[in-house]
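Peer 1: The file below is coords26.cif, mmCIF, C-alpha atoms:
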data_coords
loop_
_atom_site.label_atom_id
_atom_site.label_comp_id
_atom_site.auth_asym_id
_atom_site.auth_seq_id
_atom_site.Cartn_x
_atom_site.Cartn_y
_atom_site.Cartn_z
CA ARG A 263 -19.76 -6.85 2.79
CA LEU A 264 -18.66 -3.98 5.02
CA LEU A 265 -22.22 -2.91 5.66
CA GLY A 266 -23.34 0.67 5.29
CA GLY A 267 -19.82 1.88 4.68
CA THR A 268 -18.57 0.90 8.12
CA SER A 269 -16.01 -1.58 9.38
CA ASP A 270 -18.52 -3.26 11.72
CA ALA A 271 -18.78 -6.33 9.48
CA ILE A 272 -15.07 -7.23 9.70
CA PRO A 273 -14.76 -10.87 10.83
CA ASP A 274 -13.24 -11.68 14.22
CA GLN A 275 -9.46 -11.17 14.02
CA ARG A 276 -8.46 -12.52 17.44
CA GLY A 277 -5.20 -14.47 17.32
CA ARG A 278 -4.12 -12.82 14.08
CA VAL A 279 -1.15 -10.50 13.56
CA ALA A 280 -1.22 -7.73 10.93
CA LEU A 281 1.45 -5.29 9.78
CA VAL A 282 0.21 -1.96 8.38
CA THR A 283 2.71 0.39 6.73
CA GLY A 284 2.10 4.10 7.27
CA ALA A 285 -0.13 3.27 10.24
CA ASN A 286 0.20 6.60 12.04
CA SER A 287 -2.17 8.68 9.87
CA GLY A 288 -4.94 8.63 7.30
CA ARG A 289 -6.09 5.28 5.95
CA GLY A 290 -3.31 3.45 7.76
CA LEU A 291 -4.51 4.75 11.12
CA GLU A 292 -8.14 3.91 10.31
CA THR A 293 -7.16 0.43 9.10
CA THR A 294 -5.28 -0.12 12.35
CA ARG A 295 -8.22 1.17 14.40
CA ALA A 296 -10.64 -1.18 12.63
CA LEU A 297 -8.41 -4.26 12.97
CA ILE A 298 -7.62 -3.83 16.65
CA GLY A 299 -11.34 -3.27 17.21
CA ARG A 300 -11.85 -6.82 15.99
CA GLY A 301 -9.12 -8.28 18.21
CA CYS A 302 -6.19 -8.26 15.81
CA THR A 303 -2.65 -7.54 16.99
CA VAL A 304 -1.38 -4.77 14.72
CA LEU A 305 2.23 -3.85 14.07
CA MET A 306 2.28 -0.17 13.19
CA ALA A 307 5.17 0.26 10.76
CA CYS A 308 5.95 4.00 10.67
CA ARG A 309 8.77 6.16 9.36
CA SER A 310 8.56 8.57 12.29
CA ALA A 311 8.80 6.93 15.70
CA ARG A 312 7.42 10.12 17.29
CA LYS A 313 4.32 10.24 15.07
CA GLY A 314 3.88 6.49 15.40
CA GLU A 315 4.01 6.68 19.19
CA ALA A 316 1.49 9.54 19.24
CA ALA A 317 -0.91 7.55 17.06
CA ARG A 318 -0.39 4.45 19.17
CA ALA A 319 -1.14 6.42 22.35
CA GLN A 320 -4.31 7.79 20.75
CA LEU A 321 -5.50 4.27 19.87
CA LEU A 322 -4.50 2.84 23.24
CA GLY A 323 -6.49 5.63 24.83
CA ALA A 324 -9.55 3.98 23.33
CA GLY A 325 -8.82 1.06 25.63
CA THR A 326 -7.37 -1.37 23.11
CA ALA A 327 -4.32 -3.56 23.57
CA GLY A 328 -2.48 -5.48 20.85
CA LEU A 329 -0.55 -2.59 19.33
CA ASP A 330 3.15 -2.65 18.58
CA LEU A 331 5.32 -0.04 16.89
CA LEU A 332 8.01 -0.73 14.29
CA GLU A 333 10.33 1.75 12.64
CA LEU A 334 10.13 1.46 8.86
CA ASP A 335 11.53 3.89 6.32
CA LEU A 336 10.41 2.55 2.95
CA SER A 337 12.84 4.89 1.19
CA ASP A 338 15.74 2.90 2.67
CA LEU A 339 15.97 -0.80 1.80
CA ASN A 340 18.25 -1.36 4.81
CA SER A 341 15.44 -0.12 7.06
CA VAL A 342 13.01 -2.45 5.25
CA ALA A 343 15.29 -5.42 5.95
CA SER A 344 15.70 -4.37 9.59
CA CYS A 345 11.93 -4.06 10.04
CA ALA A 346 11.35 -7.55 8.63
CA ARG A 347 13.93 -8.99 11.03
CA ASP A 348 12.16 -7.23 13.93
CA VAL A 349 8.86 -8.89 12.98
CA ALA A 350 10.55 -12.29 12.79
CA ASP A 351 12.28 -11.81 16.14
CA ARG A 352 9.25 -10.48 18.02
CA TYR A 353 6.45 -12.57 16.51
CA GLY A 354 7.79 -15.26 14.18
CA ARG A 355 4.52 -15.16 12.21
CA LEU A 356 2.31 -12.79 10.24
CA ASP A 357 -1.27 -13.16 8.98
CA LEU A 358 -1.92 -9.87 7.18
CA LEU A 359 0.43 -7.47 5.42
CA ILE A 360 -1.18 -4.22 4.32
CA ASN A 361 1.13 -2.24 2.06
CA ASN A 362 -0.62 1.07 2.69
CA ALA A 363 2.04 3.80 3.01
CA GLY A 364 2.86 6.08 0.15
CA LEU A 365 3.74 9.55 -0.99
CA MET A 366 2.21 11.59 -3.77
CA ALA A 367 3.72 13.89 -6.37
CA PRO A 368 6.72 15.50 -4.63
CA PRO A 369 9.48 17.26 -6.56
CA ARG A 370 12.07 14.77 -7.81
CA MET A 371 13.97 13.30 -4.89
CA LEU A 372 15.91 10.09 -4.40
CA SER A 373 15.62 7.18 -2.01
CA ARG A 374 18.56 6.13 0.16
CA GLN A 375 19.66 3.72 -2.59
CA GLY A 376 19.35 6.40 -5.29
CA TYR A 377 15.98 5.49 -6.81
CA GLU A 378 13.28 8.03 -7.69
CA LEU A 379 11.46 8.49 -4.41
CA GLN A 380 7.90 7.62 -5.45
CA PHE A 381 8.99 4.47 -7.26
CA GLY A 382 11.28 3.68 -4.32
CA VAL A 383 8.74 4.17 -1.53
CA ASN A 384 5.42 3.27 -3.13
CA HIS A 385 6.68 0.23 -5.02
CA LEU A 386 10.24 -0.96 -4.31
CA GLY A 387 10.07 -0.60 -0.53
CA HIS A 388 6.84 -2.59 -0.38
CA PHE A 389 8.16 -5.14 -2.89
CA ALA A 390 11.19 -5.78 -0.69
CA LEU A 391 9.17 -5.80 2.54
CA THR A 392 6.71 -8.34 1.15
CA GLN A 393 9.46 -10.64 -0.08
CA ALA A 394 11.13 -10.52 3.32
CA LEU A 395 7.93 -11.22 5.28
CA LEU A 396 6.39 -13.97 3.13
CA PRO A 397 8.26 -16.77 4.97
CA LEU A 398 6.43 -15.69 8.15
CA MET A 399 3.07 -15.95 6.37
CA ASN A 400 3.34 -19.24 4.51
CA ASP A 401 1.94 -21.49 7.23
CA ARG A 402 -0.76 -19.12 8.43
CA PRO A 403 -4.40 -19.85 7.51
CA HIS A 404 -6.06 -17.24 5.28
CA ALA A 405 -2.88 -15.13 5.13
CA ARG A 406 -3.16 -12.17 2.77
CA VAL A 407 -1.02 -9.40 1.32
CA VAL A 408 -2.98 -6.28 0.36
CA THR A 409 -1.17 -3.65 -1.70
CA VAL A 410 -2.83 -0.24 -1.86
CA THR A 411 -2.86 1.44 -5.25
CA SER A 412 -4.98 4.39 -6.44
CA GLY A 413 -7.13 5.51 -9.34
CA ALA A 414 -3.92 7.01 -10.76
CA GLN A 415 -3.04 3.47 -11.92
CA TYR A 416 -5.41 4.00 -14.88
CA PHE A 417 -3.22 6.85 -16.13
CA GLY A 418 0.04 5.08 -15.36
CA VAL A 419 2.64 4.11 -17.94
CA MET A 420 5.78 2.15 -17.11
CA ALA A 421 8.63 4.26 -18.52
CA TRP A 422 10.88 1.25 -19.03
CA ASP A 423 13.64 3.38 -20.59
CA ASP A 424 13.52 5.90 -17.72
CA LEU A 425 11.95 4.30 -14.63
CA GLN A 426 13.78 6.65 -12.27
CA GLY A 427 12.84 9.85 -14.11
CA GLU A 428 16.45 10.74 -14.82
CA GLN A 429 15.81 11.98 -18.36
CA ARG A 430 12.36 13.50 -17.81
CA TYR A 431 10.58 13.94 -14.49
CA ASP A 432 6.90 14.73 -14.19
CA ARG A 433 5.81 14.25 -10.58
CA TRP A 434 2.27 13.15 -11.50
CA LYS A 435 3.44 10.73 -14.17
CA ALA A 436 5.92 9.29 -11.67
CA TYR A 437 3.11 8.93 -9.11
CA SER A 438 0.85 7.20 -11.63
CA GLN A 439 3.70 4.89 -12.64
CA SER A 440 4.27 3.90 -9.01
CA LYS A 441 0.55 3.22 -8.48
CA LEU A 442 0.40 1.10 -11.65
CA ALA A 443 3.44 -0.76 -10.32
CA ASN A 444 1.52 -1.45 -7.08
CA VAL A 445 -1.31 -3.26 -8.82
CA MET A 446 1.02 -5.05 -11.26
CA PHE A 447 3.00 -6.32 -8.28
CA ALA A 448 -0.13 -7.44 -6.42
CA LEU A 449 -1.39 -9.48 -9.38
CA GLU A 450 1.98 -10.97 -10.26
CA LEU A 451 2.62 -11.89 -6.63
CA ASN A 452 -0.69 -13.73 -6.43
CA GLN A 453 0.06 -15.66 -9.60
CA ARG A 454 3.49 -16.67 -8.30
CA LEU A 455 2.12 -17.67 -4.89
CA GLN A 456 -0.49 -19.90 -6.50
CA ALA A 457 2.08 -21.45 -8.85
CA SER A 458 4.35 -22.26 -5.89
CA GLY A 459 1.54 -23.96 -3.97
CA SER A 460 1.47 -21.29 -1.26
CA ALA A 461 -1.85 -20.63 0.48
CA VAL A 462 -1.01 -16.92 0.90
CA ARG A 463 -3.11 -14.67 -1.34
CA SER A 464 -2.29 -11.25 -2.76
CA LEU A 465 -4.93 -8.59 -3.46
CA ALA A 466 -5.01 -4.91 -4.39
CA ALA A 467 -7.23 -2.06 -3.21
CA HIS A 468 -7.66 1.62 -3.91
CA PRO A 469 -9.36 4.21 -1.67
CA GLY A 470 -11.01 6.48 -4.21
CA LEU A 471 -10.90 10.13 -3.13
CA ALA A 472 -10.09 9.93 0.56
CA ARG A 473 -9.18 12.90 2.72
CA THR A 474 -5.70 12.21 4.12
CA ASN A 475 -2.46 14.11 4.64
CA LEU A 476 -1.28 13.19 1.11
CA GLN A 477 -3.00 16.20 -0.43
CA PRO A 478 -1.74 18.99 1.87
CA VAL A 479 1.74 17.47 1.95
CA SER A 480 1.83 17.44 -1.86
CA VAL A 481 0.70 21.09 -2.04
CA ALA A 482 3.20 22.16 0.63
CA ALA A 483 6.08 20.40 -1.13
CA THR A 484 5.47 22.14 -4.43
CA GLY A 485 3.59 25.33 -3.60
CA ALA A 486 1.24 24.55 -6.49
CA TRP A 487 -1.74 26.90 -6.11
CA GLN A 488 -3.53 25.17 -9.01
CA GLU A 489 -3.38 21.90 -7.09
CA ALA A 490 -4.68 23.52 -3.89
CA LEU A 491 -7.56 25.04 -5.86
CA ALA A 492 -8.38 21.71 -7.49
CA TYR A 493 -8.62 20.04 -4.09
CA ARG A 494 -10.97 22.77 -2.86
CA LEU A 495 -13.21 22.36 -5.91
CA MET A 496 -13.25 18.58 -5.49
CA ASP A 497 -13.88 18.74 -1.75
CA PRO A 498 -17.56 17.65 -1.92
CA PHE A 499 -16.45 14.40 -3.56
CA PHE A 500 -13.89 13.49 -0.92
CA GLN A 501 -14.79 10.83 1.62
CA SER A 502 -13.24 10.33 5.04
CA ALA A 503 -10.01 8.41 5.62
CA ALA A 504 -12.11 5.80 7.44
CA GLN A 505 -14.31 5.34 4.39
CA GLY A 506 -11.24 5.29 2.14
CA ALA A 507 -9.80 2.46 4.25
CA LEU A 508 -12.79 0.16 3.64
CA PRO A 509 -11.59 -1.32 0.30
CA GLN A 510 -8.26 -2.41 1.82
CA LEU A 511 -10.04 -3.74 4.92
CA TYR A 512 -12.43 -5.67 2.70
CA ALA A 513 -9.54 -7.13 0.67
CA ALA A 514 -7.76 -8.07 3.90
CA THR A 515 -10.62 -9.66 5.81
CA ALA A 516 -13.74 -10.46 3.76
CA SER A 517 -14.39 -14.18 3.45
CA ASP A 518 -15.44 -13.83 -0.20
CA ALA A 519 -12.42 -11.76 -1.30
CA GLN A 520 -10.13 -13.87 -3.47
CA GLY A 521 -6.47 -13.64 -4.44
CA GLY A 522 -5.83 -11.53 -7.53
CA GLU A 523 -8.86 -9.31 -6.93
CA HIS A 524 -8.87 -5.52 -6.74
CA TYR A 525 -11.31 -3.54 -4.59
CA GLY A 526 -12.31 0.11 -4.69
CA PRO A 527 -15.30 2.37 -3.96
CA SER A 528 -18.52 1.55 -5.80
CA GLN A 529 -19.87 5.01 -6.70
CA LEU A 530 -18.99 7.95 -8.97
CA GLY A 531 -16.65 5.88 -11.11
CA GLY A 532 -14.74 4.58 -8.10
CA LEU A 533 -14.33 7.91 -6.30
CA ARG A 534 -16.40 7.07 -3.21
CA GLY A 535 -18.86 4.60 -1.72
CA ASP A 536 -18.81 1.10 -0.26
CA PRO A 537 -16.12 -1.30 -1.50
CA LYS A 538 -16.65 -3.59 -4.44
CA GLN A 539 -14.46 -5.40 -6.93
CA GLN A 540 -13.10 -3.00 -9.56
CA PRO A 541 -11.22 -3.50 -12.85
CA VAL A 542 -7.48 -2.94 -12.88
CA ALA A 543 -5.55 -0.79 -15.33
CA ARG A 544 -5.17 -2.45 -18.71
CA ALA A 545 -1.38 -2.46 -18.44
CA ALA A 546 -1.62 -4.49 -15.21
CA LYS A 547 -3.34 -7.28 -17.14
CA ASP A 548 -0.28 -7.66 -19.37
CA GLN A 549 1.66 -10.57 -17.91
CA SER A 550 4.83 -9.76 -19.84
CA GLN A 551 4.87 -6.26 -18.32
CA ARG A 552 4.21 -7.68 -14.84
CA GLN A 553 7.05 -10.15 -15.21
CA ARG A 554 9.36 -7.42 -16.48
CA LEU A 555 8.56 -5.25 -13.46
CA TRP A 556 9.20 -8.20 -11.14
CA THR A 557 12.61 -8.89 -12.69
CA VAL A 558 13.63 -5.22 -12.54
CA SER A 559 12.41 -4.94 -8.94
CA GLU A 560 14.35 -8.02 -7.88
CA SER A 561 17.55 -6.67 -9.40
CA LEU A 562 17.09 -3.26 -7.72
CA THR A 563 16.42 -4.73 -4.26
CA GLU A 564 18.40 -8.00 -4.17
CA HIS A 565 21.46 -6.66 -2.34
CA HIS A 566 19.28 -5.49 0.54
CA SER A 567 17.05 -8.52 1.03
CA ALA A 568 16.43 -9.78 4.57
CA ALA A 569 16.56 -13.41 5.53
CA VAL A 570 14.00 -13.91 8.29
#
What is this file in structure tokens?
Peer 2:
Amino acid sequence: RLLGGTSDAIPDQRGRVALVTGANSGRGLETTRALIGRGCTVLMACRSARKGEAARAQLLGAGTAGLDLLELDLSDLNSVASCARDVADRYGRLDLLINNAGLMAPPRMLSRQGYELQFGVNHLGHFALTQALLPLMNDRPHARVVTVTSGAQYFGVMAWDDLQGEQRYDRWKAYSQSKLANVMFALELNQRLQASGSAVRSLAAHPGLARTNLQPVSVAATGAWQEALAYRLMDPFFQSAAQGALPQLYAATASDAQGGEHYGPSQLGGLRGDPKQQPVARAAKDQSQRQRLWTVSESLTEHHSAAV
């Protein structure tokens, strides 16, 4: 257990290499801070090299080595492939992959390959990155992939006839769909890893209500005063980014966390509190839907896969 809502109980991570997407702010930054504090070498995979370098300098200022910076734009599958090759070239191994980055409820925009941006970044980019990096994880003891979802998964519906929101686009429905896709992918990946005899395990985690830059960025992108007001009213329920990072840290490092599990905060219906195992959205339990998502995701990313 991560006692008292802190990361102090994380096991020793010396000799291990972790990649954290979106590591320059919010939960990604706090996850990185906690892991390097336990001796882990962390690869900070960030879209902005400038922001990544500033975050890295801040963490190094705390007197910690073992930090590397990688450029990763999850909205561009070519960048995903390039990042995976960089990891292979520089390290040749990986113990932890934390699929943390994401964006929330922007107006409809497209990824570099023409996919709806939330589906492209939150799901497809991480799907492709994981597939590319798994060969570096297969021989590592206690290797884990942790994919970060959110409570929005419970409202998510896979719009199979309109996954890219071309016919109808609702930014919150698209966000919820992408977060449902995250947990569906995490569970299906674990099942496939076990079936193949791999020792790598896949887990999911959600942060509850954590104060990060997702909320102000979403408000700024849309100018939605109702959304800004809602965040102000909900402010007492928000926990810090460090607290919001605990479920993904638990999934990544706890000795009793098992493949296929899903962790989130324990209080107020999963909004805040110490991490514990939480139920997944009902749709994510449907194996036929998980397999369908896998097949679609493979077909959308196959021309940009990276051999590492």
Peer 1: Determine, counting all atoms listed in the file, which protein, DNA and RNA residues have an atom within 7 Å of an atom of range 432-441 of chain A; residues of the same chain fewer than 2 positions away are not included. Present the result as a VMD selection string.
Peer 2: chain A and resid 366 to 370 380 to 381 384 to 385 411 to 412 414 to 415 417 to 420 430 443 to 445
Peer 1: Smallest atom-to-atom distance to His388 in chain A: which of A:Gly299, A:Gly427, A:Gly284, A:Gly376, using all atoms listed in the file?
Peer 2: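 Once distances to His388 in chain A are computed over all atoms listed in the file, the minimum belongs to A:Gly284.
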Peer 1: Please enumerate the residues selected by the PyMOL selection byres ((chain A and resi 513) around 8) when evaluated against the supplied file, formatted as a PyMOL selection string.
Peer 2: chain A and resi 408+465-467+509-512+514-516+519-520+523-525
Peer 1: For Glu315 in chain A, find every residue with an atom within 9 Å (counting all atoms listed in the file), except residues of its own chain fewer than 5 positions away, and show them as a list in words.
Peer 2: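 The residues satisfying every condition are Asn286, Ser310, Gln320 and Leu331 of chain A.
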Peer 1: To one decimal in Å, tell me the separation between CA of Val462 in chain A and CA of Asn400 in chain A.
Peer 2: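 Going from CA of Val462 in chain A over to CA of Asn400 in chain A covers 6.1 Å.
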Peer 1: From (13.9, 11.2, 0.9), in the file's coordinates, out to 12 Å: which residues are reached, counting only C-alpha atoms? Answer as a ChimeraX atom specification.
Peer 2: /A:309,335-338,365,368-383
Peer 1: What is the distance, in Å and to one decimal place, between CA of Ala507 in chain A and CA of Gly364 in chain A?
Peer 2: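 Separation between CA of Ala507 in chain A and CA of Gly364 in chain A: 13.8 Å.
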Peer 1: Using the chain letters and residue numbers of this document, give as a VMD selection string the residues selected by the PyMOL selection byres ((chain A and resi 402) around 12).
Peer 2: chain A and resid 277 to 280 354 to 358 396 to 401 403 to 406 460 to 463
Peer 1: Quick one: of A:Ala394, A:Ala346, A:Thr409, A:Gln551, who's nearest to Trp422 in chain A, counting all atoms listed in the file?
Peer 2: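 Counting all atoms listed in the file, the residue closest to Trp422 in chain A is A:Gln551.
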Peer 1: Restricting the calculation to all atoms listed in the file: of A:Gln540, A:Asn361, A:Gln429, A:Thr294, which residue gets closest to Ala504 in chain A?
Peer 2: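 Of A:Gln540, A:Asn361, A:Gln429, A:Thr294, the one nearest Ala504 in chain A, counting all atoms listed in the file, is A:Thr294.
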Peer 1: Please export range 386-397 of chain A as a short mmCIF file (atom, residue, chain, number, x, y, z; two decimals), in the first residue's frame, restricted to all heavy atoms.
Peer 2:
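What landed in result26.cif:
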data_model
loop_
_atom_site.label_atom_id
_atom_site.label_comp_id
_atom_site.auth_asym_id
_atom_site.auth_seq_id
_atom_site.Cartn_x
_atom_site.Cartn_y
_atom_site.Cartn_z
N LEU A 386 -4.84 5.73 -29.61
CA LEU A 386 -4.04 5.15 -30.70
C LEU A 386 -2.54 5.37 -30.51
O LEU A 386 -1.74 4.46 -30.76
CB LEU A 386 -4.47 5.72 -32.05
CG LEU A 386 -5.80 5.23 -32.62
CD1 LEU A 386 -6.08 5.93 -33.94
CD2 LEU A 386 -5.79 3.71 -32.82
N GLY A 387 -2.15 6.57 -30.08
CA GLY A 387 -0.73 6.84 -29.88
C GLY A 387 -0.13 5.91 -28.84
O GLY A 387 0.97 5.35 -29.04
N HIS A 388 -0.85 5.70 -27.74
CA HIS A 388 -0.36 4.80 -26.69
C HIS A 388 -0.41 3.34 -27.14
O HIS A 388 0.47 2.55 -26.78
CB HIS A 388 -1.17 5.00 -25.41
CG HIS A 388 -0.77 6.23 -24.65
ND1 HIS A 388 -1.67 7.20 -24.28
CD2 HIS A 388 0.45 6.64 -24.20
CE1 HIS A 388 -1.02 8.16 -23.62
NE2 HIS A 388 0.25 7.84 -23.56
N PHE A 389 -1.43 2.98 -27.91
CA PHE A 389 -1.51 1.62 -28.45
C PHE A 389 -0.27 1.32 -29.29
O PHE A 389 0.40 0.29 -29.11
CB PHE A 389 -2.79 1.50 -29.30
CG PHE A 389 -2.95 0.16 -29.98
CD1 PHE A 389 -3.62 -0.88 -29.35
CD2 PHE A 389 -2.46 -0.06 -31.26
CE1 PHE A 389 -3.78 -2.11 -29.98
CE2 PHE A 389 -2.60 -1.28 -31.90
CZ PHE A 389 -3.27 -2.32 -31.25
N ALA A 390 0.05 2.26 -30.19
CA ALA A 390 1.21 2.05 -31.07
C ALA A 390 2.52 2.07 -30.30
O ALA A 390 3.43 1.26 -30.57
CB ALA A 390 1.22 3.13 -32.16
N LEU A 391 2.64 2.97 -29.33
CA LEU A 391 3.86 3.05 -28.53
C LEU A 391 4.09 1.74 -27.76
O LEU A 391 5.20 1.21 -27.71
CB LEU A 391 3.77 4.22 -27.56
CG LEU A 391 5.00 4.46 -26.68
CD1 LEU A 391 6.19 4.93 -27.52
CD2 LEU A 391 4.70 5.49 -25.59
N THR A 392 3.03 1.24 -27.15
CA THR A 392 3.14 0.00 -26.37
C THR A 392 3.57 -1.16 -27.26
O THR A 392 4.47 -1.93 -26.90
CB THR A 392 1.79 -0.31 -25.69
OG1 THR A 392 1.39 0.80 -24.89
CG2 THR A 392 1.90 -1.55 -24.82
N GLN A 393 2.94 -1.29 -28.41
CA GLN A 393 3.29 -2.38 -29.33
C GLN A 393 4.76 -2.31 -29.72
O GLN A 393 5.45 -3.33 -29.82
CB GLN A 393 2.42 -2.32 -30.59
CG GLN A 393 0.93 -2.40 -30.34
CD GLN A 393 0.46 -3.79 -29.95
OE1 GLN A 393 0.97 -4.39 -29.00
NE2 GLN A 393 -0.49 -4.31 -30.68
N ALA A 394 5.23 -1.09 -29.94
CA ALA A 394 6.62 -0.91 -30.39
C ALA A 394 7.63 -1.21 -29.28
O ALA A 394 8.74 -1.67 -29.55
CB ALA A 394 6.82 0.51 -30.91
N LEU A 395 7.23 -0.96 -28.01
CA LEU A 395 8.18 -1.10 -26.91
C LEU A 395 8.14 -2.47 -26.24
O LEU A 395 9.09 -2.83 -25.51
CB LEU A 395 7.92 -0.01 -25.86
CG LEU A 395 8.26 1.41 -26.29
CD1 LEU A 395 7.82 2.42 -25.23
CD2 LEU A 395 9.76 1.57 -26.58
N LEU A 396 7.10 -3.24 -26.46
CA LEU A 396 6.99 -4.54 -25.79
C LEU A 396 8.20 -5.45 -26.00
O LEU A 396 8.61 -6.14 -25.06
CB LEU A 396 5.70 -5.26 -26.22
CG LEU A 396 4.43 -4.85 -25.48
CD1 LEU A 396 3.22 -5.52 -26.10
CD2 LEU A 396 4.53 -5.19 -24.00
N PRO A 397 8.81 -5.47 -27.20
CA PRO A 397 9.99 -6.34 -27.36
C PRO A 397 11.13 -5.99 -26.39
O PRO A 397 11.94 -6.85 -26.06
CB PRO A 397 10.41 -6.10 -28.82
CG PRO A 397 9.16 -5.68 -29.50
CD PRO A 397 8.39 -4.89 -28.49
#
